Every structure is written in structure tokens, then in C-alpha cells.
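Text of protein.csv, listed as CSV, C-alpha atoms:
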chain,number,residue,atom,x,y,z
A,1,MET,CA,114.3,99.7,90.9
A,2,SER,CA,110.7,100.9,90.7
A,3,ALA,CA,107.6,99.5,92.4
A,4,ASN,CA,106.5,98.2,89.0
A,5,ASP,CA,109.9,96.4,88.6
A,6,ASP,CA,109.5,94.8,92.0
A,7,GLN,CA,105.9,93.7,91.2
A,8,PHE,CA,107.1,92.2,87.9
A,9,ASN,CA,109.9,90.3,89.6
A,10,SER,CA,107.7,89.0,92.4
A,11,LEU,CA,104.9,87.9,90.0
A,12,MET,CA,106.8,86.7,86.9
A,13,LEU,CA,110.2,85.4,87.9
A,14,PRO,CA,109.0,82.5,89.9
A,15,HIS,CA,107.5,81.0,86.7
A,16,MET,CA,110.7,81.0,84.7
A,17,ALA,CA,111.1,77.2,85.0
A,18,ALA,CA,107.5,76.7,83.7
A,19,ALA,CA,108.2,79.2,80.9
A,20,TYR,CA,111.4,77.3,79.9
A,21,ASN,CA,109.7,73.9,80.1
A,22,LEU,CA,106.8,75.0,77.8
A,23,ALA,CA,109.2,76.6,75.4
A,24,ARG,CA,111.5,73.6,75.3
A,25,TRP,CA,108.6,71.3,74.5
A,26,LEU,CA,107.2,73.6,71.8
A,27,THR,CA,110.5,74.3,70.2
A,28,GLY,CA,112.1,70.9,70.7
A,29,ASN,CA,115.5,72.4,71.6
A,30,PRO,CA,116.9,73.6,74.9
A,31,ASP,CA,119.0,76.4,73.3
A,32,ASP,CA,116.0,77.7,71.3
A,33,ALA,CA,113.9,77.4,74.4
A,34,SER,CA,116.3,79.7,76.2
A,35,ASP,CA,116.1,82.2,73.4
A,36,VAL,CA,112.3,82.0,73.4
A,37,VAL,CA,112.1,82.5,77.2
A,38,GLN,CA,114.4,85.5,77.0
A,39,GLU,CA,112.3,87.0,74.3
A,40,SER,CA,109.1,86.2,76.2
A,41,TYR,CA,110.4,87.9,79.3
A,42,LEU,CA,111.4,91.0,77.3
A,43,ARG,CA,107.8,91.1,75.9
A,44,ALA,CA,106.3,90.5,79.3
A,45,ILE,CA,108.3,93.4,80.8
A,46,LYS,CA,107.3,95.6,77.8
A,47,PHE,CA,103.6,94.8,78.2
A,48,PHE,CA,103.5,94.4,82.0
A,49,SER,CA,101.3,97.5,82.2
A,50,SER,CA,98.6,95.6,80.4
A,51,TYR,CA,98.6,92.8,83.0
A,52,ARG,CA,95.4,93.2,84.9
A,53,GLY,CA,96.0,90.7,87.7
A,54,GLY,CA,94.8,87.2,87.9
A,55,ALA,CA,96.9,84.1,87.2
A,56,ALA,CA,100.4,85.5,86.6
A,57,ARG,CA,101.7,82.1,85.4
A,58,ALA,CA,98.9,81.8,82.8
A,59,TRP,CA,99.5,85.3,81.6
A,60,LEU,CA,103.3,84.7,81.2
A,61,LEU,CA,102.8,81.2,79.6
A,62,THR,CA,100.5,82.8,77.1
A,63,ILE,CA,103.3,85.1,76.0
A,64,VAL,CA,105.7,82.1,76.0
A,65,ARG,CA,103.3,80.1,73.8
A,66,ASN,CA,102.8,82.9,71.4
A,67,THR,CA,106.5,83.6,71.2
A,68,SER,CA,107.2,79.9,70.7
A,69,LEU,CA,104.7,79.6,67.9
A,70,ASN,CA,106.1,82.7,66.2
A,71,TRP,CA,109.6,81.2,66.5
A,72,LEU,CA,108.4,78.0,64.9
A,73,VAL,CA,107.0,79.9,61.9
A,74,GLN,CA,110.2,81.8,61.6
A,75,LYS,CA,112.3,78.7,61.9
A,76,ARG,CA,110.2,76.9,59.2
A,77,ASN,CA,111.1,79.8,56.8
A,78,GLN,CA,114.9,79.6,57.5
A,79,ARG,CA,117.4,77.4,55.9
A,80,THR,CA,119.8,75.7,58.3
A,81,VAL,CA,123.3,74.1,57.8
A,82,PRO,CA,123.8,71.0,59.9
A,83,LEU,CA,126.9,70.8,62.1
A,84,ASN,CA,129.3,68.0,61.5
A,85,ALA,CA,128.8,64.9,63.7
A,86,ASP,CA,131.8,65.7,66.0
A,87,ASP,CA,130.4,69.2,66.8
A,88,ALA,CA,126.9,67.8,67.4
A,89,GLU,CA,128.0,65.2,69.9
A,90,GLU,CA,130.4,67.5,71.8
A,91,GLY,CA,129.1,68.3,75.3
A,92,HIS,CA,126.2,65.8,75.2
A,93,GLN,CA,127.9,62.9,76.9
A,94,ASP,CA,125.9,61.1,79.5
A,95,ILE,CA,127.4,61.1,83.0
A,96,ILE,CA,127.4,57.7,84.6
A,97,ASP,CA,125.6,57.7,87.9
A,98,ASP,CA,126.9,55.7,90.9
A,99,LYS,CA,123.4,54.4,91.9
A,100,VAL,CA,123.1,50.8,93.1
A,101,ASP,CA,120.7,49.6,90.4
A,102,LEU,CA,122.1,50.9,87.1
A,103,GLU,CA,119.9,48.6,85.1
A,104,PHE,CA,116.8,50.1,86.7
A,105,ASP,CA,118.1,53.6,86.0
A,106,LEU,CA,118.7,52.7,82.4
A,107,ILE,CA,115.2,51.3,82.0
A,108,GLN,CA,113.7,54.4,83.5
A,109,LYS,CA,115.8,56.7,81.3
A,110,GLU,CA,114.8,54.7,78.2
A,111,ALA,CA,111.1,55.0,79.2
A,112,ALA,CA,111.4,58.7,79.8
A,113,ALA,CA,113.2,59.2,76.5
A,114,THR,CA,110.5,57.2,74.8
A,115,MET,CA,107.8,59.3,76.4
A,116,ASP,CA,109.7,62.5,75.4
A,117,GLN,CA,109.8,61.3,71.8
A,118,LEU,CA,106.1,60.4,71.8
A,119,ILE,CA,105.2,63.8,73.2
A,120,GLN,CA,107.5,65.6,70.8
A,121,ALA,CA,105.8,63.7,67.9
A,122,LEU,CA,102.4,65.1,68.8
A,123,PRO,CA,101.1,68.0,66.8
A,124,VAL,CA,101.8,71.3,68.6
A,125,ALA,CA,98.2,71.8,69.5
A,126,TYR,CA,98.1,68.6,71.4
A,127,ARG,CA,101.6,68.8,72.7
A,128,GLU,CA,101.0,72.2,74.4
A,129,VAL,CA,97.9,71.0,76.3
A,130,VAL,CA,99.7,67.9,77.5
A,131,ILE,CA,102.7,69.9,78.8
A,132,LEU,CA,100.5,72.6,80.4
A,133,ARG,CA,98.3,70.0,82.1
A,134,GLU,CA,100.5,67.1,82.9
A,135,ILE,CA,103.8,68.7,83.5
A,136,GLU,CA,103.0,72.3,84.5
A,137,GLU,CA,99.8,71.2,86.2
A,138,LEU,CA,97.7,74.1,85.0
A,139,SER,CA,93.9,73.9,85.4
A,140,TYR,CA,91.7,73.5,82.4
A,141,LYS,CA,90.7,77.2,82.9
A,142,GLU,CA,94.3,78.4,83.0
A,143,ILE,CA,95.1,76.3,79.9
A,144,ALA,CA,92.1,77.8,78.1
A,145,GLU,CA,93.5,81.3,79.0
A,146,VAL,CA,97.0,80.4,77.8
A,147,ILE,CA,96.0,79.0,74.4
A,148,GLY,CA,93.0,81.3,73.9
A,149,MET,CA,90.5,78.5,73.4
A,150,PRO,CA,87.3,77.4,75.2
A,151,ILE,CA,87.7,74.9,78.0
A,152,GLY,CA,85.8,72.3,75.9
A,153,THR,CA,88.5,72.6,73.3
A,154,VAL,CA,91.2,72.1,75.9
A,155,MET,CA,89.5,69.0,77.2
A,156,SER,CA,89.0,67.5,73.8
A,157,ARG,CA,92.6,68.2,72.7
A,158,LEU,CA,93.9,66.7,75.9
A,159,ALA,CA,91.7,63.6,75.5
A,160,ARG,CA,92.9,63.2,71.9
A,161,ALA,CA,96.5,63.8,72.9
A,162,ARG,CA,96.3,61.2,75.7
A,163,LYS,CA,94.7,58.7,73.4
A,164,ALA,CA,97.4,59.3,70.8
A,165,LEU,CA,100.1,58.9,73.4
A,166,GLN,CA,98.5,55.7,74.8
A,167,GLY,CA,98.3,54.2,71.3
A,168,GLN,CA,101.9,55.0,70.4
A,169,TRP,CA,103.1,53.8,73.9
A,170,GLN,CA,101.4,50.4,73.3
A,171,LYS,CA,103.0,50.1,69.9
A,172,ASN,CA,106.5,50.6,71.4
A,173,PRO,CA,106.8,48.0,74.2
A,174,GLU,CA,110.6,47.9,74.1
A,175,GLY,CA,111.0,51.5,75.3
A,176,ARG,CA,108.4,51.4,78.1
A,177,GLY,CA,110.5,50.7,81.1
A,178,VAL,CA,109.1,49.1,84.2
Would it be possible to restate this file's structure as C-alpha cells?
Amino acid sequence: MSANDDQFNSLMLPHMAAAYNLARWLTGNPDDASDVVQESYLRAIKFFSSYRGGAARAWLLTIVRNTSLNWLVQKRNQRTVPLNADDAEEGHQDIIDDKVDLEFDLIQKEAAATMDQLIQALPVAYREVVILREIEELSYKEIAEVIGMPIGTVMSRLARARKALQGQWQKNPEGRGV
């Protein structure tokens, strides 16, 4: 292993969870997100010589974002054949938890699922800033680097996304939880 490989591993591998998280939200599918992350890391390795220091996570998430957006364009142009209902349900069974307050857990899961649906329903431009800010906790400056837009654009998109989420959340009282 070369010094360059060691540097890549120490700088980029710690951000794999963030890369997957962003890809999952942008693609809307865990399996596709895994493929996007794999492709993103291959691209990151290939172009690591162009990395000039700075925020490694922002550099990597830029690659993940671009790869995800390219994947979405490719997917839009592909025809798919749905699986039958039995195949689609296989392996996606919920595991019952032995916690004391199952009702509370159920309410929390419903609220989280509702929020996931609301975020997923946002346009990609809004969804990506919400994920990068609220889940990945990137600064506005880092988000601006990742999406290649000015900080003001990041701030306005985030404000619009939050307003849209709040409006949809208020329209859906049954899935809000506690």
C-alpha cells in the first residue's frame, strides 16, 4: 500500500456513512445508494490526485452528489420491470422489539416514517440541502462547496425546504407521533 493509499483511506473512509446517507436520500433506495457509494469511491480514488486538501467530507460528498444525480438521470431513462409482490416483501419484515413501551416505539416509528416520506417528497435540490445540513450537519459553507452554489442559495433552499416540510407536517397530524 502506498502513502497515497494510506492518505486516501485515512481521509475518505471515515465518511462512508455520510456518503451512503446522502446517496440513500437522493436515490430513494438503499441498494441503489450502495451502488452509488461504490461508484463514488471508485471515482474518488481515481481523482484523489486532484484533492487539494480542505474539507475531505465536503470533497467526497460532492462526488457522491454528482454520482447520485447522474444515476437519477440514467434511471429516468431506463425501463424497469416490477417484481411480484411476494419478492418485494421478502426480507423486509419488521422485527418486534422487546421494549417496555411498544406503543411509544410505534408512534416514534410512524413519525420517523412520515418525516422520511416528507423529505423524500421534496425536490432533489431541497432534499439534498436538508440532508447535508440537518442529518450530516455540514456547515453552510461546506454545503455550498458540495452542491457548487453560493451560500445564499444554500440558505434560501434550506429555508424553503424547511417551510415545505413544516407545511406538509402540519397537514398530516396522524403521522406526527409525540
- request: Quick one: everything within 12 Å of A:Lys163, counting only C-alpha atoms, minus sequence neighbours fewer than 4 positions away in the same chain. Send it as an NGL selection string.
  value: :A and (118-119 or 122 or 126 or 130 or 156-159 or 167-170)
task: Find the distance between atom CA of A:Glu145 and atom CA of A:Ile45 and write it in Å to one decimal.
output: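 Interatomic distance, atom CA of A:Glu145 to atom CA of A:Ile45: 19.2 Å.
For the set A:Val73, A:Met16, A:Ala55, A:Ala44, the residue with the smallest atom-to-atom gap to A:Ser139 is A:Ala55, counting only C-alpha atoms.
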### Message
For a test of reading the model, state the distance in Å between atom CA of A:Gly54 and atom CA of A:Ala125, rounded to one decimal.
### Response
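Computing it gives 24.2 Å between the two atoms.
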Judged by only C-alpha atoms, the minimum distance to A:Gly28 among A:Arg127, A:Gln120, A:Ala164, A:Ile143 is found for A:Gln120
Atom CA of A:Thr67 sits from atom CA of A:Thr114 at a separation of 26.9 Å
Discussion item. Here's a test: counting all atoms listed in the file, identify every protein, DNA and RNA residue with an atom at most 10 Å from (101.8, 90.2, 79.7) in the file's coordinate frame, and state them as a list in words.
Written reply: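 Nearby residues: Phe8, Met12, Ser40, Tyr41, Leu42, Arg43, Ala44, Ile45, Lys46, Phe47, Phe48, Ser49, Ser50, Tyr51, Arg52, Gly53, Ala56, Arg57, Ala58, Trp59, Leu60, Leu61, Thr62, Ile63 and Val64 of chain A.
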File contents for stretch 126-138 of chain A with all heavy atoms as a short mmCIF file (atom, residue, chain, number, x, y, z; two decimals), in the first residue's frame:
data_model
loop_
_atom_site.label_atom_id
_atom_site.label_comp_id
_atom_site.auth_asym_id
_atom_site.auth_seq_id
_atom_site.Cartn_x
_atom_site.Cartn_y
_atom_site.Cartn_z
N TYR A 126 -33.92 20.67 -2.82
CA TYR A 126 -34.23 20.96 -1.42
C TYR A 126 -33.82 19.79 -0.53
O TYR A 126 -33.31 19.98 0.57
CB TYR A 126 -35.72 21.23 -1.24
CG TYR A 126 -36.21 22.52 -1.85
CD1 TYR A 126 -37.56 22.80 -1.91
CD2 TYR A 126 -35.34 23.47 -2.36
CE1 TYR A 126 -38.04 23.98 -2.47
CE2 TYR A 126 -35.79 24.65 -2.93
CZ TYR A 126 -37.14 24.90 -2.98
OH TYR A 126 -37.61 26.06 -3.52
N ARG A 127 -34.09 18.59 -1.01
CA ARG A 127 -33.79 17.39 -0.23
C ARG A 127 -32.30 17.32 0.13
O ARG A 127 -31.93 17.04 1.26
CB ARG A 127 -34.20 16.14 -1.02
CG ARG A 127 -34.14 14.87 -0.22
CD ARG A 127 -34.56 13.64 -1.00
NE ARG A 127 -35.48 13.90 -2.09
CZ ARG A 127 -35.44 13.25 -3.24
NH1 ARG A 127 -34.56 12.31 -3.46
NH2 ARG A 127 -36.30 13.54 -4.19
N GLU A 128 -31.45 17.60 -0.86
CA GLU A 128 -30.01 17.46 -0.61
C GLU A 128 -29.52 18.46 0.44
O GLU A 128 -28.71 18.11 1.29
CB GLU A 128 -29.20 17.56 -1.89
CG GLU A 128 -29.20 18.90 -2.56
CD GLU A 128 -28.50 18.89 -3.91
OE1 GLU A 128 -27.99 17.84 -4.34
OE2 GLU A 128 -28.47 19.95 -4.55
N VAL A 129 -30.04 19.70 0.45
CA VAL A 129 -29.58 20.65 1.47
C VAL A 129 -30.10 20.28 2.85
O VAL A 129 -29.39 20.46 3.84
CB VAL A 129 -29.90 22.12 1.11
CG1 VAL A 129 -29.14 22.57 -0.13
CG2 VAL A 129 -31.38 22.37 0.97
N VAL A 130 -31.32 19.75 2.91
CA VAL A 130 -31.86 19.30 4.21
C VAL A 130 -31.00 18.17 4.77
O VAL A 130 -30.62 18.18 5.95
CB VAL A 130 -33.34 18.86 4.09
CG1 VAL A 130 -33.80 18.11 5.33
CG2 VAL A 130 -34.23 20.06 3.82
N ILE A 131 -30.69 17.20 3.95
CA ILE A 131 -29.89 16.06 4.40
C ILE A 131 -28.50 16.50 4.81
O ILE A 131 -27.99 16.12 5.87
CB ILE A 131 -29.80 14.98 3.29
CG1 ILE A 131 -31.18 14.44 2.96
CG2 ILE A 131 -28.86 13.85 3.69
CD1 ILE A 131 -31.98 13.96 4.14
N LEU A 132 -27.87 17.33 3.97
CA LEU A 132 -26.50 17.77 4.28
C LEU A 132 -26.44 18.62 5.55
O LEU A 132 -25.50 18.51 6.33
CB LEU A 132 -25.91 18.53 3.10
CG LEU A 132 -25.65 17.69 1.85
CD1 LEU A 132 -25.27 18.58 0.67
CD2 LEU A 132 -24.55 16.66 2.11
N ARG A 133 -27.47 19.44 5.78
CA ARG A 133 -27.46 20.31 6.95
C ARG A 133 -27.98 19.61 8.20
O ARG A 133 -27.34 19.62 9.25
CB ARG A 133 -28.29 21.57 6.67
CG ARG A 133 -28.36 22.52 7.83
CD ARG A 133 -27.03 23.16 8.10
NE ARG A 133 -27.12 23.96 9.31
CZ ARG A 133 -26.15 24.08 10.17
NH1 ARG A 133 -24.99 23.52 9.96
NH2 ARG A 133 -26.31 24.79 11.26
N GLU A 134 -29.17 19.03 8.12
CA GLU A 134 -29.83 18.53 9.32
C GLU A 134 -29.37 17.13 9.73
O GLU A 134 -29.35 16.83 10.91
CB GLU A 134 -31.36 18.53 9.12
CG GLU A 134 -31.94 19.87 8.77
CD GLU A 134 -31.66 20.98 9.79
OE1 GLU A 134 -31.34 20.67 10.95
OE2 GLU A 134 -31.76 22.15 9.41
N ILE A 135 -29.00 16.31 8.78
CA ILE A 135 -28.59 14.95 9.13
C ILE A 135 -27.07 14.82 9.16
O ILE A 135 -26.50 14.29 10.10
CB ILE A 135 -29.24 13.93 8.18
CG1 ILE A 135 -30.77 13.99 8.38
CG2 ILE A 135 -28.71 12.53 8.42
CD1 ILE A 135 -31.58 13.12 7.48
N GLU A 136 -26.41 15.34 8.12
CA GLU A 136 -24.95 15.25 8.07
C GLU A 136 -24.25 16.40 8.80
O GLU A 136 -23.05 16.37 9.00
CB GLU A 136 -24.47 15.18 6.62
CG GLU A 136 -24.90 13.93 5.91
CD GLU A 136 -24.49 12.66 6.63
OE1 GLU A 136 -23.40 12.62 7.24
OE2 GLU A 136 -25.26 11.68 6.59
N GLU A 137 -25.03 17.42 9.18
CA GLU A 137 -24.55 18.55 9.97
C GLU A 137 -23.38 19.29 9.33
O GLU A 137 -22.47 19.75 10.02
CB GLU A 137 -24.21 18.10 11.40
CG GLU A 137 -25.42 17.53 12.13
CD GLU A 137 -25.11 17.05 13.53
OE1 GLU A 137 -23.93 16.95 13.90
OE2 GLU A 137 -26.08 16.78 14.26
N LEU A 138 -23.41 19.44 8.01
CA LEU A 138 -22.40 20.23 7.32
C LEU A 138 -22.72 21.71 7.53
O LEU A 138 -23.88 22.08 7.69
CB LEU A 138 -22.39 19.93 5.82
CG LEU A 138 -21.42 18.86 5.33
CD1 LEU A 138 -21.73 17.50 5.89
CD2 LEU A 138 -21.40 18.83 3.82
#
